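Structure file run_10.cif (mmCIF, C-alpha atoms) is printed below.
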```cif
data_run
#
loop_
_atom_site.label_atom_id
_atom_site.label_comp_id
_atom_site.auth_asym_id
_atom_site.auth_seq_id
_atom_site.Cartn_x
_atom_site.Cartn_y
_atom_site.Cartn_z
CA MET A 100 -32.12 -14.66 10.66
CA HIS A 101 -31.58 -18.25 11.69
CA GLY A 102 -28.39 -18.82 9.76
CA ALA A 103 -29.99 -19.83 6.47
CA LEU A 104 -26.51 -19.99 4.98
CA ALA A 105 -25.06 -21.53 8.13
CA VAL A 106 -22.42 -18.80 8.20
CA GLU A 107 -22.30 -18.38 11.97
CA PRO A 108 -21.81 -22.10 12.80
CA PHE A 109 -19.05 -22.24 10.19
CA LEU A 110 -17.30 -19.19 11.70
CA HIS A 111 -17.47 -20.71 15.18
CA TRP A 112 -16.12 -24.01 13.84
CA LEU A 113 -13.30 -22.13 12.08
CA ALA A 114 -12.46 -20.20 15.26
CA GLY A 115 -12.15 -23.51 17.10
CA THR A 116 -9.66 -25.08 14.70
CA PRO A 117 -6.06 -25.46 15.93
CA PHE A 118 -4.86 -23.25 13.09
CA SER A 119 -7.12 -20.38 14.15
CA THR A 120 -5.88 -20.74 17.73
CA LEU A 121 -2.28 -20.67 16.50
CA MET A 122 -2.91 -17.47 14.47
CA ARG A 123 -4.59 -15.86 17.48
CA GLU A 124 -2.14 -16.84 20.19
CA SER A 125 1.20 -16.67 18.40
CA VAL A 126 3.10 -13.46 19.14
CA TRP A 127 4.62 -13.27 15.67
CA ALA A 128 2.06 -14.81 13.29
CA GLU A 129 -0.35 -11.89 13.10
CA PRO A 130 2.23 -9.05 12.82
CA ILE A 131 4.17 -10.94 10.13
CA VAL A 132 1.10 -11.88 8.08
CA GLU A 133 -0.31 -8.35 8.39
CA THR A 134 3.02 -6.85 7.31
CA VAL A 135 3.07 -9.05 4.20
CA HIS A 136 -0.58 -8.09 3.53
CA VAL A 137 0.18 -4.35 3.80
CA LEU A 138 3.48 -4.33 1.89
CA THR A 139 2.06 -6.46 -0.95
CA LEU A 140 -0.20 -3.47 -1.59
CA THR A 141 2.77 -2.00 -3.47
CA VAL A 142 2.70 -4.87 -5.99
CA PHE A 143 -1.02 -5.56 -6.26
CA LEU A 144 -2.74 -2.25 -5.57
CA GLY A 145 0.15 -0.21 -7.00
CA PHE A 146 -0.09 -2.00 -10.34
CA VAL A 147 -3.92 -1.96 -10.32
CA LEU A 148 -3.85 1.82 -9.81
CA LEU A 149 -1.28 2.25 -12.59
CA LEU A 150 -3.41 0.16 -14.96
CA ASP A 151 -6.55 2.12 -14.03
CA LEU A 152 -4.71 5.41 -14.52
CA ARG A 153 -3.48 4.17 -17.91
CA MET A 154 -7.06 3.35 -18.92
CA LEU A 155 -7.94 6.92 -17.91
CA ASP A 156 -5.09 8.23 -20.14
CA LEU A 157 -3.32 9.70 -17.11
CA VAL A 158 -0.04 7.73 -17.15
CA LEU A 159 2.14 5.70 -19.56
CA ARG A 160 0.29 7.16 -22.54
CA ARG A 161 3.10 6.11 -24.89
CA LYS A 162 2.22 2.50 -24.27
CA ARG A 163 -0.92 0.77 -25.49
CA VAL A 164 -3.38 -0.44 -22.84
CA ALA A 165 -2.92 -4.00 -24.13
CA GLU A 166 0.83 -3.74 -23.62
CA VAL A 167 0.49 -2.40 -20.05
CA LEU A 168 -2.09 -5.09 -19.28
CA GLU A 169 0.12 -7.85 -20.64
CA GLN A 170 3.24 -6.63 -18.81
CA LEU A 171 1.49 -6.18 -15.46
CA SER A 172 -0.74 -9.29 -15.53
CA PRO A 173 1.61 -11.84 -13.93
CA TRP A 174 2.35 -9.41 -11.07
CA LEU A 175 -1.32 -8.57 -10.64
CA PHE A 176 -2.22 -12.27 -10.36
CA GLY A 177 0.72 -13.03 -8.07
CA GLY A 178 0.04 -9.99 -5.88
CA PHE A 179 -3.66 -10.81 -5.69
CA ALA A 180 -2.87 -14.39 -4.61
CA VAL A 181 -0.66 -13.09 -1.77
CA MET A 182 -3.36 -10.58 -0.71
CA ILE A 183 -6.04 -13.32 -0.64
CA VAL A 184 -3.91 -15.86 1.25
CA THR A 185 -2.68 -13.35 3.87
CA GLY A 186 -6.16 -11.85 4.12
CA LEU A 187 -7.69 -15.28 4.76
CA LEU A 188 -5.03 -16.00 7.41
CA LEU A 189 -5.84 -12.73 9.22
CA PHE A 190 -9.56 -13.54 8.99
CA THR A 191 -8.97 -17.04 10.37
CA ALA A 192 -7.43 -15.58 13.53
CA ASP A 193 -10.80 -14.20 14.61
CA PRO A 194 -13.54 -14.98 12.07
CA VAL A 195 -16.51 -14.21 14.33
CA ALA A 196 -15.21 -10.72 15.21
CA PHE A 197 -14.33 -9.91 11.58
CA TYR A 198 -17.72 -11.03 10.30
CA SER A 199 -19.50 -9.00 12.98
CA THR A 200 -18.18 -5.71 11.56
CA LEU A 201 -19.98 -3.78 8.84
CA PHE A 202 -16.65 -2.82 7.24
CA PHE A 203 -15.65 -6.45 6.66
CA LYS A 204 -18.90 -7.14 4.80
CA LEU A 205 -18.49 -3.91 2.81
CA LYS A 206 -14.91 -4.88 1.92
CA MET A 207 -15.99 -8.33 0.66
CA ILE A 208 -18.80 -6.80 -1.42
CA MET A 209 -16.36 -4.28 -2.95
CA ILE A 210 -13.88 -7.05 -3.84
CA VAL A 211 -16.64 -9.07 -5.52
CA LEU A 212 -17.77 -5.98 -7.45
CA ALA A 213 -14.17 -5.26 -8.51
CA GLY A 214 -13.92 -8.87 -9.71
CA LEU A 215 -17.18 -8.53 -11.67
CA ASN A 216 -15.78 -5.34 -13.23
CA VAL A 217 -12.73 -7.30 -14.45
CA LEU A 218 -14.93 -10.13 -15.82
CA THR A 219 -17.18 -7.60 -17.59
CA PHE A 220 -14.16 -5.91 -19.15
CA ASN A 221 -12.73 -9.22 -20.34
CA ALA A 222 -16.08 -10.33 -21.81
CA THR A 223 -16.78 -7.06 -23.65
CA LEU A 224 -14.16 -4.32 -24.12
CA GLY A 225 -11.23 -6.69 -23.67
CA ARG A 226 -12.32 -8.82 -26.66
CA GLY A 227 -12.07 -5.91 -29.06
CA ILE A 228 -8.96 -4.40 -27.50
CA ALA A 229 -7.07 -4.38 -30.84
CA THR A 230 -9.76 -2.22 -32.48
CA TRP A 231 -9.81 0.63 -29.92
CA ASP A 232 -6.27 0.42 -28.52
CA GLN A 233 -4.47 2.31 -31.29
CA GLY A 234 -2.52 4.91 -29.34
CA THR A 235 -5.05 7.73 -29.70
CA ALA A 236 -7.44 8.76 -26.92
CA THR A 237 -8.96 5.83 -25.03
CA PRO A 238 -12.76 5.36 -25.57
CA TRP A 239 -15.01 6.59 -22.76
CA LYS A 240 -16.27 3.08 -21.98
CA VAL A 241 -12.71 1.95 -21.24
CA LYS A 242 -12.14 5.05 -19.12
CA LEU A 243 -15.35 4.31 -17.23
CA SER A 244 -14.18 0.74 -16.58
CA GLY A 245 -10.87 2.08 -15.22
CA LEU A 246 -12.64 4.66 -13.07
CA VAL A 247 -15.01 2.02 -11.62
CA SER A 248 -12.00 -0.16 -10.78
CA LEU A 249 -10.20 2.79 -9.16
CA VAL A 250 -13.19 3.74 -7.00
CA LEU A 251 -13.84 0.13 -5.96
CA TRP A 252 -10.23 -0.59 -4.92
CA VAL A 253 -9.95 2.68 -3.00
CA SER A 254 -13.15 1.62 -1.20
CA VAL A 255 -11.60 -1.77 -0.44
CA VAL A 256 -8.64 -0.03 1.24
CA ALA A 257 -10.93 2.33 3.14
CA ALA A 258 -13.14 -0.53 4.37
CA GLY A 259 -10.04 -2.53 5.30
CA ARG A 260 -8.82 0.32 7.51
CA GLY A 261 -12.32 0.55 8.95
CA ILE A 262 -12.19 -3.09 10.09
CA ALA A 263 -9.18 -2.37 12.31
CA TYR A 264 -11.14 0.31 14.18
CA ALA A 265 -14.41 -1.61 14.30
CA LEU A 266 -12.88 -4.79 15.73
CA PRO A 267 -13.28 -5.15 19.49
CA PRO A 268 -9.91 -4.52 21.24
CA PRO A 269 -7.92 -7.72 21.89
CA MET B 213 20.96 16.00 26.00
CA SER B 214 22.53 17.48 22.88
CA ALA B 215 21.21 20.65 21.30
CA LEU B 216 19.87 18.67 18.33
CA ALA B 217 18.00 16.21 20.53
CA ALA B 218 16.54 19.08 22.55
CA ALA B 219 15.40 20.83 19.38
CA LEU B 220 13.82 17.62 18.05
CA LEU B 221 12.00 17.04 21.32
CA ALA B 222 10.75 20.65 21.33
CA PHE B 223 9.52 20.15 17.75
CA CYS B 224 7.69 16.96 18.78
CA GLU B 225 6.07 18.79 21.69
CA TRP B 226 4.99 21.57 19.34
CA CYS B 227 3.47 18.96 16.96
CA ASN B 228 1.59 17.31 19.81
CA GLY B 229 0.11 20.68 20.83
CA SER B 230 -0.59 21.93 17.28
CA PHE B 231 -4.17 22.38 16.10
CA PHE B 232 -3.90 19.46 13.62
CA GLY B 233 -2.34 17.19 16.25
CA HIS B 234 -5.27 17.99 18.54
CA ALA B 235 -7.88 17.73 15.78
CA ILE B 236 -6.76 14.31 14.52
CA ARG B 237 -6.29 12.95 18.06
CA ASP B 238 -9.71 14.13 19.21
CA SER B 239 -11.58 12.88 16.14
CA VAL B 240 -12.75 9.29 15.76
CA TRP B 241 -12.54 9.35 11.97
CA LEU B 242 -9.65 11.65 11.03
CA PHE B 243 -6.83 9.25 11.94
CA PRO B 244 -8.12 6.32 9.84
CA PHE B 245 -9.08 8.82 7.10
CA VAL B 246 -5.48 10.09 6.87
CA GLU B 247 -4.21 6.48 7.07
CA ILE B 248 -6.20 5.61 3.92
CA PHE B 249 -4.27 8.28 1.99
CA HIS B 250 -1.01 6.99 3.48
CA LEU B 251 -1.82 3.45 2.28
CA LEU B 252 -3.00 4.48 -1.20
CA ALA B 253 0.15 6.57 -1.70
CA LEU B 254 2.22 3.63 -0.40
CA ALA B 255 0.71 1.45 -3.13
CA LEU B 256 1.39 4.00 -5.87
CA LEU B 257 4.90 4.93 -4.68
CA GLY B 258 5.82 1.25 -4.31
CA GLY B 259 4.18 0.37 -7.64
CA THR B 260 5.98 3.07 -9.64
CA LEU B 261 9.36 2.36 -8.00
CA LEU B 262 8.90 -1.36 -8.56
CA LEU B 263 8.09 -0.87 -12.24
CA ILE B 264 11.10 1.41 -12.77
CA ASN B 265 13.36 -1.04 -10.92
CA LEU B 266 12.02 -4.02 -12.88
CA ARG B 267 12.72 -2.15 -16.10
CA LEU B 268 16.22 -1.37 -14.82
CA LEU B 269 16.76 -5.11 -14.46
CA GLY B 270 15.34 -5.65 -17.95
CA VAL B 271 12.36 -7.65 -16.69
CA ARG B 272 9.48 -5.46 -17.94
CA PHE B 273 8.44 -3.29 -20.87
CA GLY B 274 10.58 -4.70 -23.60
CA ALA B 275 13.02 -2.58 -25.56
CA ASP B 276 11.84 0.87 -24.47
CA PRO B 277 14.66 2.72 -22.68
CA THR B 278 14.51 2.87 -18.87
CA ALA B 279 14.80 6.66 -19.03
CA VAL B 280 11.56 6.97 -21.02
CA LEU B 281 9.59 4.82 -18.58
CA ALA B 282 11.13 6.58 -15.56
CA ARG B 283 10.32 10.01 -16.98
CA GLU B 284 6.68 9.00 -17.54
CA LEU B 285 6.28 7.55 -14.06
CA ARG B 286 8.24 10.22 -12.15
CA PRO B 287 5.35 12.70 -11.63
CA TRP B 288 3.26 9.94 -10.05
CA MET B 289 6.20 8.75 -7.96
CA LEU B 290 6.86 12.29 -6.68
CA GLY B 291 3.16 12.97 -6.15
CA SER B 292 2.69 9.83 -4.07
CA LEU B 293 5.88 10.55 -2.10
CA ILE B 294 4.50 14.00 -1.22
CA VAL B 295 1.16 12.47 -0.14
CA MET B 296 3.08 9.92 1.97
CA LEU B 297 5.15 12.65 3.66
CA VAL B 298 2.19 14.93 4.38
CA SER B 299 -0.13 12.15 5.61
CA GLY B 300 2.72 10.56 7.57
CA PHE B 301 3.53 13.86 9.24
CA LEU B 302 -0.13 14.32 10.21
CA LEU B 303 -0.28 10.80 11.71
CA PHE B 304 3.01 11.46 13.55
CA SER B 305 1.72 14.76 14.97
CA THR B 306 -0.94 12.96 17.02
CA GLU B 307 1.69 11.23 19.17
CA ALA B 308 4.91 12.99 18.27
CA VAL B 309 6.51 12.87 21.73
CA LYS B 310 5.84 9.13 22.01
CA MET B 311 7.40 8.66 18.57
CA TYR B 312 10.47 10.67 19.64
CA GLY B 313 11.50 7.81 21.93
CA ASN B 314 10.34 4.98 19.65
CA TRP B 315 13.35 3.15 18.17
CA ALA B 316 11.32 1.77 15.24
CA PHE B 317 10.21 5.29 14.35
CA GLN B 318 13.79 6.61 14.59
CA LEU B 319 14.97 3.80 12.31
CA LYS B 320 12.14 4.53 9.88
CA MET B 321 13.06 8.23 9.71
CA LEU B 322 16.75 7.44 9.18
CA CYS B 323 15.91 5.03 6.34
CA LEU B 324 13.37 7.51 4.91
CA VAL B 325 16.04 10.22 4.65
CA LEU B 326 18.54 7.78 3.11
CA ALA B 327 15.94 6.33 0.69
CA THR B 328 14.77 9.79 -0.42
CA VAL B 329 18.31 11.09 -0.95
CA PHE B 330 19.23 7.90 -2.82
CA THR B 331 16.13 8.19 -5.03
CA PHE B 332 16.89 11.79 -6.02
CA THR B 333 20.62 11.26 -6.59
CA ILE B 334 22.06 7.89 -7.63
CA HIS B 335 18.73 6.23 -8.53
CA ARG B 336 17.74 9.26 -10.61
CA ARG B 337 21.07 9.35 -12.47
CA VAL B 338 21.05 5.63 -13.22
CA THR B 339 17.43 5.75 -14.48
CA SER B 340 17.96 8.92 -16.55
CA ARG B 341 20.34 7.55 -19.15
CA GLU B 342 21.27 4.34 -20.85
CA GLY B 343 24.55 2.49 -20.67
CA ALA B 344 24.82 1.89 -16.92
CA SER B 345 26.73 -1.32 -16.26
CA SER B 346 24.84 -4.39 -15.14
CA ALA B 347 26.55 -4.27 -11.74
CA LEU B 348 25.53 -0.63 -11.22
CA ARG B 349 21.93 -1.33 -12.24
CA TRP B 350 21.59 -4.33 -9.93
CA THR B 351 23.24 -2.49 -7.02
CA THR B 352 20.94 0.51 -7.52
CA VAL B 353 17.85 -1.71 -7.51
CA ALA B 354 19.07 -3.60 -4.44
CA VAL B 355 19.86 -0.46 -2.41
CA SER B 356 16.62 1.25 -3.46
CA SER B 357 14.50 -1.81 -2.62
CA LEU B 358 16.20 -2.47 0.73
CA LEU B 359 15.98 1.15 1.90
CA TRP B 360 12.30 1.53 1.01
CA LEU B 361 11.51 -1.91 2.47
CA ALA B 362 13.19 -0.82 5.71
CA VAL B 363 10.98 2.30 5.76
CA GLY B 364 7.90 0.11 5.37
CA LEU B 365 8.99 -2.42 7.99
CA GLY B 366 9.84 0.41 10.41
CA GLY B 367 6.33 1.76 9.90
CA ARG B 368 4.83 -1.62 10.71
CA ALA B 369 7.07 -2.08 13.75
CA LEU B 370 6.51 1.32 15.37
CA GLY B 371 2.93 0.48 16.32
CA TYR B 372 4.04 -2.62 18.20
CA VAL B 373 6.92 -0.75 19.90
CA THR B 374 4.51 1.96 21.10
CA THR B 375 2.30 -0.70 22.68
CA ALA B 376 5.27 -2.35 24.36
CA VAL B 377 6.57 0.96 25.76
CA SER B 378 3.09 1.88 27.04
CA ALA B 379 2.84 -1.51 28.71
CA VAL B 380 6.17 -0.93 30.52
CA THR B 381 5.62 2.70 31.54
CA GLY B 382 1.89 2.29 32.12
CA GLY B 383 1.34 5.29 29.81
#
```

Please lay out the structure from this file as structure tokens.
Amino acid sequence: MHGALAVEPFLHWLAGTPFSTLMRESVWAEPIVETVHVLTLTVFLGFVLLLDLRMLDLVLRRKRVAEVLEQLSPWLFGGFAVMIVTGLLLFTADPVAFYSTLFFKLKMIMIVLAGLNVLTFNATLGRGIATWDQGTATPWKVKLSGLVSLVLWVSVVAAGRGIAYALPPP
Amino acid sequence: MSALAAALLAFCEWCNGSFFGHAIRDSVWLFPFVEIFHLLALALLGGTLLLINLRLLGVRFGADPTAVLARELRPWMLGSLIVMLVSGFLLFSTEAVKMYGNWAFQLKMLCLVLATVFTFTIHRRVTSREGASSALRWTTVAVSSLLWLAVGLGGRALGYVTTAVSAVTGG
């Protein structure tokens, strides 16, 4: 590999920016950003899990999937934005080290797959939501979509924990 | 040292020497493995509490009574709390004696007891029936959120306190 995508030079450039240095050397920046990243799990991941469990008919069965989706959406988007911004900030502190770990690459792949799962749902099952979302048992395709989401996000958490152990000690 | 403090310290020493304390400490993978459960349960406990509290403030889920939503979410809230307590205890057992003297950990445990008691008493009563006054609902949400947030912040802080203590004592 000779950096066909020029990833490595970019990471080294990023690591040399004043902002990266600030994130790395400040006593408070990293703990604060990481705390926000972890505690926002309650909003983002908590609501994702509840939505997945609803699609699997395991919680909130009195409410239609469409209703749960509509009620949770603004919080899912807001929570995701906070996760992405804080995640990018943590990455910026030491991009070369992060990228060097297998777990970081796995985590990014899982996030992309989870995103593709959402896009697939919106393009197919989501379009006909009124026809299958009638309060009786949820169709197996919808359950499968929820299960895939559940497995992918659990993997994202697992890979994220893995990064912390794979990173070289400071 | 008071009798209570001595008993707590003895308990911490027992945890440190227990088979699970040893097993998790000696394994490369067990500690992060247990942490994953702790984090997933954090998400679900926080998510269910947040949804119930938002409903209490009238922000989410329309006209359906709070009690109905709370009753549906309660098994998942309790389940994730149990997973949090068990996984948290296992993580604690790997360095229980260190945690005994860690002020962030002590604060976390104090807030955990208060938050749990509050959840099963006042929070439960207010979310079990309709007609609570606006002031009571807002106060309940505020106390619940602040106590659980303090538990979370204590958990984040204890890792940094451990490092600082080790740096001072060279341990």

Residues in the PyMOL selection byres ((chain B) within 7 of (chain A)), expressed as a PyMOL selection string: chain B and resi 244+248+254-256+258-259+272-273+284+368

Exercise: Leu257 in chain B partners within 9 Å, only C-alpha atoms, chain neighbours under 3 positions left out, as JSON, numbers by chain: {"A": [141, 145], "B": [252, 253, 254, 260, 261, 262, 288, 289, 290, 291, 292, 293, 296]}

Result set, the PyMOL selection byres ((chain A and resi 242) around 10) on current file, as a ChimeraX atom specification: /A:151-156,236-241,243-248

From B:Leu370, B:Leu221, B:Ala344, B:Ala215, residue lying nearest Asn314 in chain B [only C-alpha atoms]: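 Result for the nearest residue to Asn314 in chain B: B:Leu370.
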
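Taking CA of His111 in chain A and CA of Pro194 in chain A as the two end points, the separation is 7.6 Å.
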
Selection as a PyMOL selection string: residues within 12 Å of (10.4, -1.4, 6.1), counting all atoms listed in the file: (chain A and resi 134-135+137-138) or (chain B and resi 254+258+316-317+319-324+327+356-370)

Please save C-alpha atoms of the selected residues as a short mmCIF file (atom, residue, chain, number, x, y, z; two decimals), keeping the file's coordinate frame.
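Okay, again-v4.cif is ready:
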```cif
data_model
loop_
_atom_site.label_atom_id
_atom_site.label_comp_id
_atom_site.auth_asym_id
_atom_site.auth_seq_id
_atom_site.Cartn_x
_atom_site.Cartn_y
_atom_site.Cartn_z
CA THR A 134 3.02 -6.85 7.31
CA VAL A 135 3.07 -9.05 4.20
CA VAL A 137 0.18 -4.35 3.80
CA LEU A 138 3.48 -4.33 1.89
CA LEU B 254 2.22 3.63 -0.40
CA GLY B 258 5.82 1.25 -4.31
CA ALA B 316 11.32 1.77 15.24
CA PHE B 317 10.21 5.29 14.35
CA LEU B 319 14.97 3.80 12.31
CA LYS B 320 12.14 4.53 9.88
CA MET B 321 13.06 8.23 9.71
CA LEU B 322 16.75 7.44 9.18
CA CYS B 323 15.91 5.03 6.34
CA LEU B 324 13.37 7.51 4.91
CA ALA B 327 15.94 6.33 0.69
CA SER B 356 16.62 1.25 -3.46
CA SER B 357 14.50 -1.81 -2.62
CA LEU B 358 16.20 -2.47 0.73
CA LEU B 359 15.98 1.15 1.90
CA TRP B 360 12.30 1.53 1.01
CA LEU B 361 11.51 -1.91 2.47
CA ALA B 362 13.19 -0.82 5.71
CA VAL B 363 10.98 2.30 5.76
CA GLY B 364 7.90 0.11 5.37
CA LEU B 365 8.99 -2.42 7.99
CA GLY B 366 9.84 0.41 10.41
CA GLY B 367 6.33 1.76 9.90
CA ARG B 368 4.83 -1.62 10.71
CA ALA B 369 7.07 -2.08 13.75
CA LEU B 370 6.51 1.32 15.37
#
```

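A straight line drawn from CA of Ala180 in chain A to CA of His136 in chain A is 10.5 Å long.
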
Two-atom distance - CA of Lys206 in chain A, CA of Ile294 in chain B (Å):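 That distance, rounded to one decimal, is 27.3 Å.
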
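Every protein, DNA or RNA residue with an atom at most 9 Å from Ala282 in chain B, where all atoms listed in the file count and chain neighbours fewer than 5 positions away do not, is listed here: B:Thr260, B:Leu261, B:Leu263, B:Ile264, B:Arg267, B:Pro277, B:Arg336, B:Thr339, B:Ser340.
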
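Within 8 Å of Cys227 in chain B, once all atoms listed in the file are used and residues closer than 2 positions along the same chain are dropped, the contacting residues are Phe223, Cys224, Glu225, Gly229, Ser230, Gly233, Ser305, Thr306 and Ala308 of chain B.
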
Residues near Met122 in chain A, cut-off 12 Å, all atoms listed in the file, skip fewer than 4 positions along chain, as a list in words: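 What passes the distance filter is Leu113, Ala114, Gly115, Thr116, Pro117, Phe118, Val126, Trp127, Ala128, Glu129, Pro130, Ile131, Val132, Glu133, Thr185, Leu187, Leu188, Leu189, Phe190, Thr191, Ala192, Asp193 and Pro194 of chain A.
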
Listed atoms of range 303-318 of chain B boxed axis-aligned with 3 Å per side, centre + edges as JSON:
```
{"center_x": 6.4, "center_y": 8.3, "center_z": 16.9, "size_x": 20.7, "size_y": 19.0, "size_z": 16.3}
```

Leu303 in chain B surroundings by all atoms listed in the file, 10 Å radius, close-in-sequence under 6 positions cut, as a PyMOL selection string: chain B and resi 232-233+236-237+242-244+246-247+250+297

Pick from B:Ala218, B:Glu307, B:Leu285, B:Leu266 nearest to Asp238 in chain B, counting only C-alpha atoms: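 Nearest candidate to Asp238 in chain B out of B:Ala218, B:Glu307, B:Leu285, B:Leu266: B:Glu307.
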
Among listed residues B:Leu268, B:Val309, B:Leu326, B:Ala275, nearest Ala347 in chain B (using only C-alpha atoms):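 Using only C-alpha atoms, Ala347 in chain B sits closest to B:Leu268.
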
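Minimum atom-to-atom distance to Lys204 in chain A, evaluated using all atoms listed in the file, belongs to A:Val255 out of A:Thr230, A:Glu124, A:Leu104, A:Val255.
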